[in-house]
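To start, the structure under review is shown below, and the notes come after it.
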Amino acid sequence: MNDVRTRADRLSWTIATRVVAFPRGTVFAASNCALAGIRLSQERLGCRLALCSRGGAYDPRGPLSLNARWWIFNQRPRAYIDLKDVFDTLSEPHALLATPAQIDGAANANLSCVGDHGAPKVAFGGSRGLPDPQAIHFVMPNYGKRQLVEAVSFVSTRAASRRTPALLITEDMVMRWDARESIWRLEALAAGVSIDDVAARTGFIFAVADQPAPLPDLPADAVETLDAIDPFGLRLLDFANDRAAQFDTMESIYALEAERIGGTGLPRPAIHSKG
Amino acid sequence: MLPEAVPAEDKMLDIAGLAPLLRDGMTIGIGGFGLDRKPMALLAVIARSGVRDLTIETYAGGLDVELLVATGAVARVVSCHVGLDQLGLAPVFRRVRQAGAVAFEEWSEWSQLVAWRAAAEGVPFATARMDSGSDLLRANPNIRETRCPFTGETTVSVAAPHIDLAIFHVEAIHRDGGAIARGDPYLDDLLARAAGTVVVSAERLIDDAELEAGYRDVHLLASYVDHIVLAPGGALPGSCVPCHLIDWPVLRRYAEGAFADAEAAAFILDHITTGAQAA
């Protein structure tokens with residue numbers, strides 16, 4: 001678990017150090033580490049992005065919530081917007097930190113299927129909001145050659161079409177889309193990780209910057225901030241490989257959240273449950 | 001003092017009264033989002049009715065799609081995503097899609113919202129901002145690249161869907177039809193305005209005083225609503241925030257169950273609470 005925690009914390013910090021350079025506007029985070037990273041960036045680095053998130057909160061400042069009903073659990077949302085309003089923000093400078101099922105060497109992302117769309121070999125849930133934002137960046141917590149593929153068979157969105165060059169952020173490296181050369185370029189590496197290590201986990205060919213920068217170390221006091229932002233450890237879920245363990249963790253988080261809002265008081269799960 | 005108002009038309013419907021509104025091949029829109037405020041009690045009536053070849057139009061599908069697909073009622077699913085939120089992919093939908101047994105008309109979130117808005121406004125299409133490099137333009141015949149008639153600029157246009165019947169579950173409703181969702185209203189109002197007939201199930205009925213006290217939370221105007229079904233717990237085993245959250249143990253068992261279609265349908269139906277059961 002400590003290893004998972006270290007990885008999740010490191011990824012969150014890397015995200016924090018990157019999003020602080022995004023132009024002012026709104027951002028939507030589709031993974032727990034992305035949420036934690038944006039919040040960390042706001043708290044520690046003065047990031048001015050406005051975070052809109054699942055459950056309709058806008059700029060939540062309290063603890064992250066698995067239930068994604070920020071106005072119940074978070075206690076500190078700074079505004080409320082409903083789902084339709086989230087899409088109104090897409091007309092503004094808006095970035096999505098997405099975690100698709102696959103990304104390829106041409107900066108295409110896939111959240112639909114592998115194989116023919118009519119009868120795919122592997123079906124995912126559907127493209128969701130991938131084609132919609134003005135800027136898109138990818139956060140891939142658990143990455144390997146199944147996620148970073150040579151070519152996707154369905155393009156949910158083409159990050160290369162955006163004016164803002166996409167970032168591909170993982171726990172141990174960052175790549176940036178090079179529009180001129182049409183290739184991902186490795187621009188930062190974690191300490192102790194080699195280019196060969198990255199290549200072994202990546203299914204597409206990528207370029208390498210002249211001097212890949214070291215990923216910034218996570219300051220000790222940033223860990224404290226992360227724990228305050230994410231006291232229940234939602235970010236650890238992004239690195240869970242075992243489904244049963246992941247569900248066990250979710251179950252304990254649900255229990256902690258229920259306790260936070262008053263134990264058995266409303267809202268509560270299963271008030272009419274027969275199961 | 002105003003005299004007592006003339007009673008409005010009686011919109012109350014016994015839950016079984018939904019069945020006569022169904023016909024093979026119709027398009028049914030489903031409100032809510034993901035696992036929240038899905039009208040599961042109404043969906044149970046549809047699943048048991050024997051109706052076939054349905055088109056299901058839903059924004060983010062979950063157990064609603066799972067149930068109707070598992071019972072063999074569905075020919076086509078129209079959605080931007082179908083899944084079980086944090087619990088992962090929707091197993092029955094995934095299986096039938098991979099088998100090519102059900103057509104999947106896939107949208108992006110914003111383009112589907114724009115299409116529903118067009119339908120609500122009674123216009124045949126609308127333009128949407130969308131990545132033109134997306135294969136959705138190839139896979140979905142209702143999303144097309146078009147030219148702006150004013151500037152000639154390339155844009156993406158989306159066709160408004162035709163929706164015969166829309167069903168919803170809400171926290172509370174007045175007998176006139178004004179429905180309250182203190183949680184996220186999602187796209188319910190667009191879908192209701194787009195649909196030919198609207199049926200709403202509710203946790204409870206409210207009187208004039210409560211409606212007037214909570215008027216800012218009314219998300220479905222009375223004029224949109226044709227029929228009202230009282231169904232406390234009618235979104236279970238999904239959530240109806242803030243009344244209750246998901247029935248986590250049940251949903252976990254479903255996600256881990258690896259059920260065949262018939263078993264999946266039976267499992268979901270067994271954990272749906274109809275109004276009659278809850279009363």
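Letters for chains follow the order of the structure tokens (A, B, ...), residue numbers begin at 1 for each chain, and ligand numbers begin at 1 in the order shown.
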
Q) Using only C-alpha atoms, which residues sit within 10 Å of Leu190 (chain B) once same-chain residues fewer than 3 positions away are excluded, as a list in words? A) Lys84 of chain A; Gly31, Leu113, Val114, Ala115, Trp116, Arg117, Ala118, Ala119, Ala120, Glu121, Tyr186, Leu187, Arg193, Ala194, Ala195 and Leu220 of chain B

Discussion item. So that I can check the secondary structure, give me every residue of region 6-66 of chain A assigned strand (DSSP E) by backbone DSSP, as a list of chain:residue names.
Written reply: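 So the strand (DSSP E) residues in region 6-66 of chain A would be A:Thr26, A:Val27, A:Phe28, A:Ala29, A:Ala50, A:Leu51, A:Cys52, A:Ala57, A:Tyr58.
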
Write the residues of the preceding selection, restricted to C-alpha atoms, as a tab-separated table (two decimals), in the first residue's frame.
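Okay, this is what ended up in again22.tsv:
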```tsv
chain	number	residue	atom	x	y	z
A	26	THR	CA	-11.92	25.95	-16.17
A	27	VAL	CA	-10.66	22.41	-15.86
A	28	PHE	CA	-12.43	19.09	-15.48
A	29	ALA	CA	-10.62	16.15	-13.93
A	50	ALA	CA	-11.41	26.83	-11.66
A	51	LEU	CA	-12.15	23.18	-11.06
A	52	CYS	CA	-15.52	21.89	-12.10
A	57	ALA	CA	-19.48	21.44	-7.60
A	58	TYR	CA	-17.44	24.32	-8.81
```

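Separating CA of Ala41 (chain B) from CA of Thr273 (chain B) is a distance of 6.3 Å.
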
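Nearest to chain A of all the residues B:Ala222, B:Met40, B:Ala235, B:Ala172 is B:Ala235, based on only C-alpha atoms.
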
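One distance worth recording is that between CA of Ala36 (chain A) and CA of Glu171 (chain A), which is 13.7 Å.
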
- Do you know which residues are at most 8 Å from Cys113 (chain A) counting only C-alpha atoms, after dropping those on the same chain fewer than 3 positions away, and could you put them as a list in words? Asn110, Asp116, His117, Pro120, Lys121, Val122, Ala123, Phe124, Gly126, Ser153 and Phe154 of chain A
